[in-house]
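final.csv (CSV, C-alpha atoms) appears below.
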```csv
chain,number,residue,atom,x,y,z
A,14,MET,CA,14.2,12.9,-15.8
A,15,HIS,CA,11.7,10.0,-15.9
A,16,LEU,CA,12.9,6.5,-15.9
A,17,ARG,CA,9.3,5.1,-15.8
A,18,HIS,CA,10.4,2.2,-13.7
A,19,ILE,CA,8.5,-0.4,-11.6
A,20,LEU,CA,9.4,-1.5,-8.1
A,21,ILE,CA,9.0,-5.2,-7.4
A,22,ALA,CA,8.8,-6.4,-3.9
A,23,GLU,CA,9.3,-10.2,-4.0
A,24,ASP,CA,11.0,-12.5,-1.5
A,25,ASP,CA,10.9,-15.8,-3.5
A,26,PRO,CA,13.9,-16.1,-5.7
A,27,ARG,CA,12.2,-18.4,-8.2
A,28,ASP,CA,9.2,-16.2,-8.6
A,29,LEU,CA,11.5,-13.2,-8.9
A,30,GLU,CA,13.5,-14.9,-11.7
A,31,LEU,CA,10.3,-15.8,-13.6
A,32,THR,CA,8.9,-12.3,-13.2
A,33,LEU,CA,12.1,-10.7,-14.5
A,34,ALA,CA,12.3,-13.1,-17.4
A,35,ALA,CA,8.7,-12.4,-18.3
A,36,LEU,CA,9.3,-8.6,-18.2
A,37,GLU,CA,12.5,-9.1,-20.2
A,38,GLU,CA,10.4,-10.2,-23.2
A,39,TYR,CA,8.9,-6.8,-23.4
A,40,ASN,CA,12.3,-5.2,-22.8
A,41,MET,CA,11.1,-4.0,-19.5
A,42,ALA,CA,13.6,-5.8,-17.3
A,43,ASN,CA,15.9,-2.7,-17.2
A,44,LYS,CA,13.1,-0.6,-16.0
A,45,VAL,CA,12.6,-2.6,-12.9
A,46,PHE,CA,13.9,-2.2,-9.4
A,47,VAL,CA,13.8,-5.2,-7.1
A,48,VAL,CA,13.6,-5.4,-3.3
A,49,CYS,CA,13.1,-8.6,-1.4
A,50,ASN,CA,11.1,-7.7,1.7
A,51,GLY,CA,8.7,-5.0,3.0
A,52,GLU,CA,11.3,-3.1,4.9
A,53,GLU,CA,13.4,-2.6,1.8
A,54,ALA,CA,10.4,-1.6,-0.2
A,55,LEU,CA,9.7,1.2,2.3
A,56,ASP,CA,13.4,2.1,2.5
A,57,TYR,CA,13.4,2.4,-1.3
A,58,LEU,CA,10.4,4.6,-1.5
A,59,TYR,CA,11.3,6.8,1.4
A,60,CYS,CA,14.9,7.1,0.1
A,61,ARG,CA,16.4,5.9,3.4
A,62,GLY,CA,18.9,3.3,4.6
A,63,LYS,CA,20.8,1.9,1.7
A,64,TYR,CA,18.6,3.8,-0.8
A,65,GLN,CA,19.4,7.2,0.6
A,66,ALA,CA,21.2,8.4,-2.5
A,67,ARG,CA,19.0,6.8,-5.1
A,68,PRO,CA,17.8,9.1,-7.9
A,69,GLY,CA,14.5,10.7,-7.1
A,70,GLY,CA,11.2,9.7,-8.6
A,71,ASN,CA,8.5,7.3,-7.7
A,72,PRO,CA,8.0,4.1,-9.6
A,73,VAL,CA,5.0,4.1,-12.0
A,74,ALA,CA,3.7,1.0,-10.2
A,75,VAL,CA,4.7,-1.3,-7.4
A,76,LEU,CA,4.3,-5.1,-7.8
A,77,LEU,CA,3.9,-6.2,-4.3
A,78,ASP,CA,4.0,-9.7,-2.9
A,79,LEU,CA,2.1,-10.2,0.3
A,80,LYS,CA,4.0,-12.8,2.2
A,81,MET,CA,7.3,-11.2,2.9
A,82,PRO,CA,9.7,-11.1,5.8
A,83,LYS,CA,10.3,-8.2,8.1
A,84,VAL,CA,7.3,-6.1,6.9
A,85,ASN,CA,4.6,-7.9,4.9
A,86,GLY,CA,2.8,-6.7,1.9
A,87,ILE,CA,-0.3,-5.6,3.6
A,88,GLU,CA,1.6,-3.5,6.0
A,89,VAL,CA,3.5,-1.9,3.2
A,90,LEU,CA,0.2,-1.2,1.4
A,91,LYS,CA,-1.4,0.4,4.5
A,92,ILE,CA,1.6,2.6,5.1
A,93,LEU,CA,1.8,3.8,1.5
A,94,LYS,CA,-1.9,4.4,1.0
A,95,ALA,CA,-2.0,6.4,4.3
A,96,ASP,CA,0.9,8.6,3.2
A,97,GLU,CA,0.0,11.7,1.2
A,98,HIS,CA,3.3,11.4,-0.8
A,99,PHE,CA,2.8,7.9,-1.9
A,100,LYS,CA,-0.9,7.1,-1.8
A,101,THR,CA,-1.4,7.7,-5.5
A,102,ILE,CA,1.4,5.3,-6.6
A,103,PRO,CA,-0.4,2.4,-8.3
A,104,ILE,CA,0.1,-0.8,-6.2
A,105,VAL,CA,-0.5,-4.2,-7.8
A,106,VAL,CA,-0.5,-7.1,-5.4
A,107,LEU,CA,1.0,-10.2,-7.0
A,108,THR,CA,0.6,-13.1,-4.7
A,109,SER,CA,0.0,-16.8,-4.4
A,110,SER,CA,-2.8,-16.1,-1.9
A,111,ARG,CA,-6.4,-16.4,-3.1
A,112,GLU,CA,-7.6,-16.1,0.5
A,113,GLU,CA,-10.6,-13.9,0.9
A,114,PRO,CA,-9.3,-12.1,4.0
A,115,ASP,CA,-6.2,-11.1,2.1
A,116,LEU,CA,-8.3,-9.9,-0.9
A,117,ARG,CA,-10.6,-8.0,1.4
A,118,GLU,CA,-7.8,-6.3,3.4
A,119,CYS,CA,-6.0,-5.2,0.3
A,120,TYR,CA,-9.1,-3.7,-1.4
A,121,LYS,CA,-10.1,-2.1,1.9
A,122,HIS,CA,-6.7,-0.3,2.0
A,123,GLY,CA,-7.0,0.9,-1.5
A,124,VAL,CA,-4.9,-1.6,-3.6
A,125,ASN,CA,-5.1,-0.7,-7.3
A,126,ALA,CA,-5.2,-4.3,-8.5
A,127,TYR,CA,-4.8,-7.8,-7.2
A,128,VAL,CA,-3.4,-10.7,-9.2
A,129,VAL,CA,-3.0,-14.2,-8.1
A,130,LYS,CA,0.2,-15.9,-9.3
A,131,PRO,CA,-0.8,-18.7,-11.6
A,132,VAL,CA,0.7,-22.0,-10.7
A,133,ASP,CA,1.3,-23.0,-14.2
A,134,PHE,CA,4.6,-21.7,-15.5
A,135,THR,CA,3.4,-20.5,-18.9
A,136,GLU,CA,0.4,-18.8,-17.4
A,137,PHE,CA,2.6,-17.1,-14.8
A,138,MET,CA,4.9,-15.7,-17.5
A,139,ASN,CA,1.9,-14.6,-19.5
A,140,ALA,CA,0.2,-13.0,-16.5
A,141,VAL,CA,3.4,-11.0,-15.6
A,142,LYS,CA,3.7,-9.9,-19.2
A,143,GLN,CA,0.1,-8.7,-19.4
A,144,MET,CA,0.5,-6.9,-16.1
A,145,GLY,CA,3.7,-5.2,-17.3
A,146,VAL,CA,2.1,-4.1,-20.5
A,147,PHE,CA,-0.8,-2.6,-18.8
A,148,TRP,CA,0.9,-0.8,-15.9
A,149,VAL,CA,4.0,0.4,-17.8
A,150,ALA,CA,2.7,1.1,-21.2
A,151,VAL,CA,-1.1,1.6,-21.0
A,152,ASN,CA,-1.7,3.2,-17.6
A,153,GLU,CA,-0.9,6.8,-17.1
A,154,PRO,CA,0.8,7.1,-13.7
A,155,PRO,CA,-0.1,10.0,-11.4
A,156,PRO,CA,1.4,13.4,-12.5
A,157,ASN,CA,4.9,14.3,-11.3
A,158,THR,CA,5.8,10.6,-10.8
A,159,GLY,CA,9.2,11.2,-12.2
A,160,ASN,CA,9.9,14.4,-10.5
A,161,GLY,CA,11.1,13.1,-7.3
A,162,HIS,CA,9.7,13.8,-3.9
A,163,PRO,CA,10.6,15.5,-0.7
A,164,PHE,CA,12.8,12.6,0.6
A,165,THR,CA,15.8,12.8,-1.7
A,166,PRO,CA,18.3,15.0,0.1
A,167,ALA,CA,21.0,14.3,-2.5
A,168,MET,CA,18.9,15.2,-5.5
A,169,LYS,CA,20.5,18.6,-6.2
A,170,GLU,CA,24.0,17.2,-6.1
A,171,ALA,CA,23.5,13.9,-7.7
A,172,THR,CA,24.4,13.4,-11.4
A,173,HIS,CA,21.7,11.4,-13.1
A,174,GLU,CA,22.2,9.2,-16.1
A,175,ILE,CA,19.9,10.1,-18.8
A,176,PRO,CA,18.5,6.9,-20.4
A,177,THR,CA,19.5,6.7,-24.0
A,178,SER,CA,16.6,4.8,-25.2
A,179,HIS,CA,13.2,3.8,-24.3
A,180,SER,CA,12.0,0.6,-25.8
A,181,ALA,CA,8.6,0.6,-27.4
A,182,LEU,CA,6.3,-1.6,-25.4
A,183,GLY,CA,3.5,-3.8,-26.6
A,184,GLY,CA,4.3,-3.4,-30.3
B,25,MET,CA,-23.9,-13.4,-6.3
B,26,HIS,CA,-21.1,-12.2,-8.5
B,27,LEU,CA,-22.0,-11.0,-12.0
B,28,ARG,CA,-18.4,-10.8,-13.3
B,29,GLN,CA,-19.6,-7.9,-15.5
B,30,ILE,CA,-17.8,-4.8,-16.6
B,31,LEU,CA,-19.6,-1.5,-16.6
B,32,ILE,CA,-18.7,1.0,-19.2
B,33,ALA,CA,-19.7,4.6,-18.8
B,34,GLU,CA,-19.2,6.3,-22.1
B,35,ASP,CA,-21.2,9.1,-23.8
B,36,ASP,CA,-19.6,9.1,-27.2
B,37,PRO,CA,-21.2,6.6,-29.5
B,38,ARG,CA,-18.1,6.2,-31.7
B,39,ASP,CA,-15.9,5.4,-28.7
B,40,GLU,CA,-18.5,3.1,-27.3
B,41,LYS,CA,-18.6,1.2,-30.6
B,42,LEU,CA,-14.8,0.9,-30.8
B,43,THR,CA,-14.5,-0.1,-27.2
B,44,LEU,CA,-17.1,-2.9,-27.6
B,45,ALA,CA,-15.5,-4.1,-30.8
B,46,ALA,CA,-12.1,-4.3,-29.1
B,47,LEU,CA,-13.5,-6.2,-26.2
B,48,GLU,CA,-15.3,-8.5,-28.5
B,49,GLU,CA,-12.0,-9.9,-29.7
B,50,TYR,CA,-11.5,-11.3,-26.3
B,51,ASN,CA,-15.0,-12.4,-26.0
B,52,LEU,CA,-15.6,-9.9,-23.2
B,53,ALA,CA,-18.4,-8.0,-25.0
B,54,ASN,CA,-21.2,-10.1,-23.7
B,55,LYS,CA,-20.2,-9.4,-20.2
B,56,VAL,CA,-20.4,-5.7,-20.6
B,57,LEU,CA,-23.1,-3.2,-19.8
B,58,VAL,CA,-22.9,0.3,-21.2
B,59,VAL,CA,-24.4,3.5,-19.6
B,60,HIS,CA,-24.2,6.9,-21.3
B,61,ASP,CA,-23.9,9.5,-18.6
B,62,GLY,CA,-23.0,9.8,-14.9
B,63,GLU,CA,-26.6,9.7,-13.8
B,64,GLU,CA,-27.2,6.4,-15.5
B,65,THR,CA,-24.0,5.1,-14.0
B,66,LEU,CA,-25.2,5.8,-10.5
B,67,ASP,CA,-28.6,4.5,-11.2
B,68,TYR,CA,-27.0,1.2,-12.3
B,69,LEU,CA,-24.8,1.0,-9.3
B,70,TYR,CA,-27.5,1.8,-6.8
B,71,ARG,CA,-30.1,-0.3,-8.7
B,72,ARG,CA,-32.6,2.4,-9.1
B,73,GLY,CA,-34.5,4.1,-11.9
B,74,LYS,CA,-34.4,1.9,-15.0
B,75,PHE,CA,-32.0,-0.5,-13.3
B,76,LYS,CA,-34.2,-1.1,-10.3
B,77,LYS,CA,-34.8,-4.7,-11.3
B,78,ARG,CA,-31.3,-5.7,-12.4
B,79,ALA,CA,-29.7,-8.6,-10.6
B,80,PRO,CA,-27.7,-7.6,-7.6
B,81,GLY,CA,-24.0,-7.7,-7.7
B,82,ASN,CA,-21.3,-5.1,-8.4
B,83,PRO,CA,-19.4,-5.1,-11.7
B,84,VAL,CA,-15.8,-6.5,-11.5
B,85,ALA,CA,-14.5,-3.3,-13.0
B,86,MET,CA,-15.7,0.0,-14.4
B,87,LEU,CA,-14.4,1.8,-17.5
B,88,LEU,CA,-15.3,5.4,-16.8
B,89,ASP,CA,-15.2,8.4,-19.1
B,90,LEU,CA,-14.7,11.7,-17.5
B,91,LYS,CA,-16.5,14.1,-19.7
B,92,MET,CA,-20.1,13.0,-19.5
B,93,PRO,CA,-23.4,14.8,-19.3
B,94,LYS,CA,-25.6,15.1,-16.2
B,95,VAL,CA,-23.0,13.8,-13.7
B,96,THR,CA,-19.3,13.9,-14.7
B,97,GLY,CA,-16.9,11.0,-14.3
B,98,LEU,CA,-15.1,12.7,-11.5
B,99,GLU,CA,-18.3,13.2,-9.6
B,100,VAL,CA,-19.1,9.5,-10.0
B,101,VAL,CA,-15.6,8.6,-8.6
B,102,LYS,CA,-16.1,10.9,-5.6
B,103,ILE,CA,-19.5,9.4,-4.9
B,104,MET,CA,-18.4,5.8,-5.3
B,105,LYS,CA,-15.2,6.2,-3.2
B,106,ALA,CA,-17.2,7.8,-0.4
B,107,ASP,CA,-19.7,4.9,-0.3
B,108,GLU,CA,-18.8,1.9,1.8
B,109,HIS,CA,-20.6,-0.4,-0.6
B,110,LEU,CA,-19.2,0.9,-3.8
B,111,LYS,CA,-15.7,2.1,-3.0
B,112,MET,CA,-14.0,-1.2,-3.7
B,113,ILE,CA,-15.2,-1.5,-7.3
B,114,PRO,CA,-12.1,-1.0,-9.5
B,115,ILE,CA,-12.4,2.1,-11.5
B,116,VAL,CA,-10.4,2.5,-14.7
B,117,VAL,CA,-10.7,6.0,-16.1
B,118,LEU,CA,-10.8,5.9,-19.9
B,119,THR,CA,-10.7,9.4,-21.2
B,120,SER,CA,-9.3,11.7,-23.9
B,121,SER,CA,-8.1,14.0,-21.2
B,122,ARG,CA,-4.4,14.1,-20.6
B,123,GLU,CA,-4.8,17.2,-18.5
B,124,GLU,CA,-2.7,17.1,-15.3
B,125,PRO,CA,-5.5,18.4,-13.1
B,126,ASP,CA,-7.9,15.6,-14.2
B,127,MET,CA,-5.2,13.0,-13.6
B,128,ARG,CA,-4.3,14.4,-10.3
B,129,GLU,CA,-7.8,14.6,-9.0
B,130,CYS,CA,-8.7,11.2,-10.2
B,131,TYR,CA,-5.8,9.6,-8.5
B,132,GLU,CA,-6.4,11.7,-5.4
B,133,TYR,CA,-9.9,10.3,-5.2
B,134,GLY,CA,-8.6,6.8,-5.5
B,135,VAL,CA,-9.1,5.6,-9.1
B,136,ASN,CA,-7.4,2.3,-9.7
B,137,ALA,CA,-6.0,3.2,-13.1
B,138,TYR,CA,-6.1,6.0,-15.7
B,139,VAL,CA,-5.9,5.4,-19.4
B,140,VAL,CA,-5.8,8.1,-22.1
B,141,LYS,CA,-7.7,7.1,-25.2
B,142,PRO,CA,-5.2,7.0,-28.0
B,143,VAL,CA,-6.1,9.1,-31.0
B,144,ASP,CA,-4.9,6.5,-33.5
B,145,PHE,CA,-7.5,3.9,-34.2
B,146,GLY,CA,-5.1,0.9,-34.1
B,147,GLU,CA,-3.6,2.1,-30.8
B,148,PHE,CA,-7.0,2.7,-29.4
B,149,MET,CA,-8.1,-0.9,-30.1
B,150,ARG,CA,-4.9,-2.3,-28.7
B,151,ALA,CA,-5.1,-0.2,-25.5
B,152,ILE,CA,-8.7,-1.4,-24.9
B,153,LYS,CA,-7.8,-5.0,-25.5
B,154,GLN,CA,-4.9,-4.8,-23.1
B,155,LEU,CA,-7.1,-3.0,-20.6
B,156,GLY,CA,-9.8,-5.6,-21.0
B,157,VAL,CA,-7.4,-8.5,-20.6
B,158,PHE,CA,-6.0,-7.1,-17.4
B,159,TRP,CA,-9.2,-6.0,-15.7
B,160,ALA,CA,-11.7,-8.6,-16.9
B,161,ALA,CA,-9.5,-11.6,-16.9
B,162,MET,CA,-6.5,-11.1,-14.6
B,163,ASN,CA,-7.5,-8.9,-11.8
B,164,GLU,CA,-9.2,-10.5,-8.8
B,165,PRO,CA,-12.1,-8.3,-8.0
B,166,PRO,CA,-13.1,-7.5,-4.4
B,167,PRO,CA,-14.7,-10.4,-2.7
B,168,VAL,CA,-18.5,-10.9,-2.8
B,169,GLY,CA,-20.2,-9.7,0.3
B,170,SER,CA,-18.7,-6.2,0.1
B,171,GLU,CA,-21.6,-5.1,-2.0
B,172,PRO,CA,-24.7,-3.2,-1.2
B,173,VAL,CA,-27.8,-5.1,-0.3
B,174,PHE,CA,-30.6,-2.8,-1.3
B,175,ILE,CA,-34.0,-3.9,-0.2
B,176,GLU,CA,-36.5,-3.1,-2.8
B,177,GLY,CA,-39.4,-1.1,-1.4
```

Take the structure I supplied and represent it as structure tokens, if you would.
Amino acid sequence: MHLRHILIAEDDPRDLELTLAALEEYNMANKVFVVCNGEEALDYLYCRGKYQARPGGNPVAVLLDLKMPKVNGIEVLKILKADEHFKTIPIVVLTSSREEPDLRECYKHGVNAYVVKPVDFTEFMNAVKQMGVFWVAVNEPPPNTGNGHPFTPAMKEATHEIPTSHSALGG
Amino acid sequence: MHLRQILIAEDDPRDEKLTLAALEEYNLANKVLVVHDGEETLDYLYRRGKFKKRAPGNPVAMLLDLKMPKVTGLEVVKIMKADEHLKMIPIVVLTSSREEPDMRECYEYGVNAYVVKPVDFGEFMRAIKQLGVFWAAMNEPPPVGSEPVFIEG
């Protein structure tokens, strides 16, 4: 069962609202899971804490803000890229930072892509749409992305809802 | 110095033509350099052979075919990702292979993205355009200064 979903880690409510609205236009908003800090992002991926019983399967991409409370984006990136089970998940940093040290750190730790949030509203919406189209519709995620991973104890018992439709993306 | 150029490694002349035509629509075609096998790809990156005199600077992204003569795409990935100076260059595999082993290996070696060439002409053009928009216009490439400085001898 493959939901082909994205994980968004974003702590700013306004940016989150805009991001979801932009993805909505391509009917992708229902394929998105949102967390609002780095700790939750890790809990989600590792199926622990409040995400212990979530259906298995990795997201096809993670949109990752950098400046987040508890655990920041760069820490999340380092942890995921150092973990055999998660290192192939495409991580796209989506941040207001254009600072060279942030850019360098992210690429050093294997980020797949780095997008600076446009300040202009329309450009922001457009950027998120383009990003969504590429990472959900064009990119092929690593094999077995939807097949779950070792960390879902409840997988055998859980009943999963089979999605009834998949919207066509990008026309 | 930052070239803001895309490097395309593609051995099939038809696919090359279509790819350039699709990128042309977004005015990206003049910022593209095409090489036709893995060896040329490496010559370009290392500024050697026929590329000895090219201006220094890494491409902002690479579109990399897998099945290429001389040196395969996967070999190129391995070499680049093992090289401090080249490993940060974003690599987008663009291939007709949907084979799981190819995808797995590419991701294991750290490719940034993997795109399967659509068979349908219209879809192929659309995929290249979407790819081009993201990697040439939206993605922030690694900062300048992480590139090789090869002294010409």

- Who sits within 10 Å of Glu124 in chain B, only C-alpha atoms, same chain under 6 positions skipped, as JSON, numbers by chain: {"A": [155, 156, 157], "B": [130]}

As a PDB file with C-alpha atoms, keeping the file's coordinate frame, please: the residues near range 122-128 of chain A (cut-off 10 Å, all atoms listed in the file, same-chain neighbours under 2 positions excluded).
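Okay, this is what ended up in out25.pdb:
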```
ATOM      1  CA  ALA A  74       3.700   1.000 -10.200  1.00  0.00           C
ATOM      2  CA  VAL A  75       4.700  -1.300  -7.400  1.00  0.00           C
ATOM      3  CA  LEU A  76       4.300  -5.100  -7.800  1.00  0.00           C
ATOM      4  CA  LEU A  77       3.900  -6.200  -4.300  1.00  0.00           C
ATOM      5  CA  ASP A  78       4.000  -9.700  -2.900  1.00  0.00           C
ATOM      6  CA  ILE A  87      -0.300  -5.600   3.600  1.00  0.00           C
ATOM      7  CA  GLU A  88       1.600  -3.500   6.000  1.00  0.00           C
ATOM      8  CA  LEU A  90       0.200  -1.200   1.400  1.00  0.00           C
ATOM      9  CA  LYS A  91      -1.400   0.400   4.500  1.00  0.00           C
ATOM     10  CA  ILE A  92       1.600   2.600   5.100  1.00  0.00           C
ATOM     11  CA  LEU A  93       1.800   3.800   1.500  1.00  0.00           C
ATOM     12  CA  LYS A  94      -1.900   4.400   1.000  1.00  0.00           C
ATOM     13  CA  ALA A  95      -2.000   6.400   4.300  1.00  0.00           C
ATOM     14  CA  LYS A 100      -0.900   7.100  -1.800  1.00  0.00           C
ATOM     15  CA  THR A 101      -1.400   7.700  -5.500  1.00  0.00           C
ATOM     16  CA  ILE A 102       1.400   5.300  -6.600  1.00  0.00           C
ATOM     17  CA  PRO A 103      -0.400   2.400  -8.300  1.00  0.00           C
ATOM     18  CA  ILE A 104       0.100  -0.800  -6.200  1.00  0.00           C
ATOM     19  CA  VAL A 105      -0.500  -4.200  -7.800  1.00  0.00           C
ATOM     20  CA  VAL A 106      -0.500  -7.100  -5.400  1.00  0.00           C
ATOM     21  CA  LEU A 107       1.000 -10.200  -7.000  1.00  0.00           C
ATOM     22  CA  THR A 108       0.600 -13.100  -4.700  1.00  0.00           C
ATOM     23  CA  SER A 109       0.000 -16.800  -4.400  1.00  0.00           C
ATOM     24  CA  SER A 110      -2.800 -16.100  -1.900  1.00  0.00           C
ATOM     25  CA  ARG A 111      -6.400 -16.400  -3.100  1.00  0.00           C
ATOM     26  CA  ASP A 115      -6.200 -11.100   2.100  1.00  0.00           C
ATOM     27  CA  LEU A 116      -8.300  -9.900  -0.900  1.00  0.00           C
ATOM     28  CA  ARG A 117     -10.600  -8.000   1.400  1.00  0.00           C
ATOM     29  CA  GLU A 118      -7.800  -6.300   3.400  1.00  0.00           C
ATOM     30  CA  CYS A 119      -6.000  -5.200   0.300  1.00  0.00           C
ATOM     31  CA  TYR A 120      -9.100  -3.700  -1.400  1.00  0.00           C
ATOM     32  CA  LYS A 130       0.200 -15.900  -9.300  1.00  0.00           C
ATOM     33  CA  PRO A 131      -0.800 -18.700 -11.600  1.00  0.00           C
ATOM     34  CA  ALA A 140       0.200 -13.000 -16.500  1.00  0.00           C
ATOM     35  CA  VAL A 141       3.400 -11.000 -15.600  1.00  0.00           C
ATOM     36  CA  MET A 144       0.500  -6.900 -16.100  1.00  0.00           C
TER      37      MET A 144
ATOM     38  CA  LYS B 105     -15.200   6.200  -3.200  1.00  0.00           C
ATOM     39  CA  LYS B 111     -15.700   2.100  -3.000  1.00  0.00           C
ATOM     40  CA  MET B 112     -14.000  -1.200  -3.700  1.00  0.00           C
ATOM     41  CA  PRO B 114     -12.100  -1.000  -9.500  1.00  0.00           C
ATOM     42  CA  ILE B 115     -12.400   2.100 -11.500  1.00  0.00           C
ATOM     43  CA  VAL B 116     -10.400   2.500 -14.700  1.00  0.00           C
ATOM     44  CA  GLY B 134      -8.600   6.800  -5.500  1.00  0.00           C
ATOM     45  CA  VAL B 135      -9.100   5.600  -9.100  1.00  0.00           C
ATOM     46  CA  ASN B 136      -7.400   2.300  -9.700  1.00  0.00           C
ATOM     47  CA  ALA B 137      -6.000   3.200 -13.100  1.00  0.00           C
ATOM     48  CA  PHE B 158      -6.000  -7.100 -17.400  1.00  0.00           C
ATOM     49  CA  TRP B 159      -9.200  -6.000 -15.700  1.00  0.00           C
ATOM     50  CA  ALA B 161      -9.500 -11.600 -16.900  1.00  0.00           C
ATOM     51  CA  MET B 162      -6.500 -11.100 -14.600  1.00  0.00           C
ATOM     52  CA  ASN B 163      -7.500  -8.900 -11.800  1.00  0.00           C
ATOM     53  CA  GLU B 164      -9.200 -10.500  -8.800  1.00  0.00           C
ATOM     54  CA  PRO B 165     -12.100  -8.300  -8.000  1.00  0.00           C
ATOM     55  CA  PRO B 166     -13.100  -7.500  -4.400  1.00  0.00           C
TER      56      PRO B 166
END
```

- Query: How many Å separate CA of Asp61 in chain B from CA of Asp35 in chain B?
  - Reply: 5.9 Å

- Query: Could you work out how far CA of Leu44 in chain B lies from CA of Lys74 in chain B, giving the answer in Å with one decimal?
  - Reply: 21.9 Å

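Between chain A and the residues B:Arg150, B:Lys55, B:Arg78, B:His60, the shortest atom-to-atom distance, using all atoms listed in the file, involves B:Arg150.
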
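Across B:Pro93, B:Pro142, B:Pro80, B:Gly62, the tightest approach to Ser120 in chain B is made by B:Pro142 when counting all atoms listed in the file.
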
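From CA of Leu31 in chain A back to CA of Lys63 in chain A, the distance works out to 25.6 Å.
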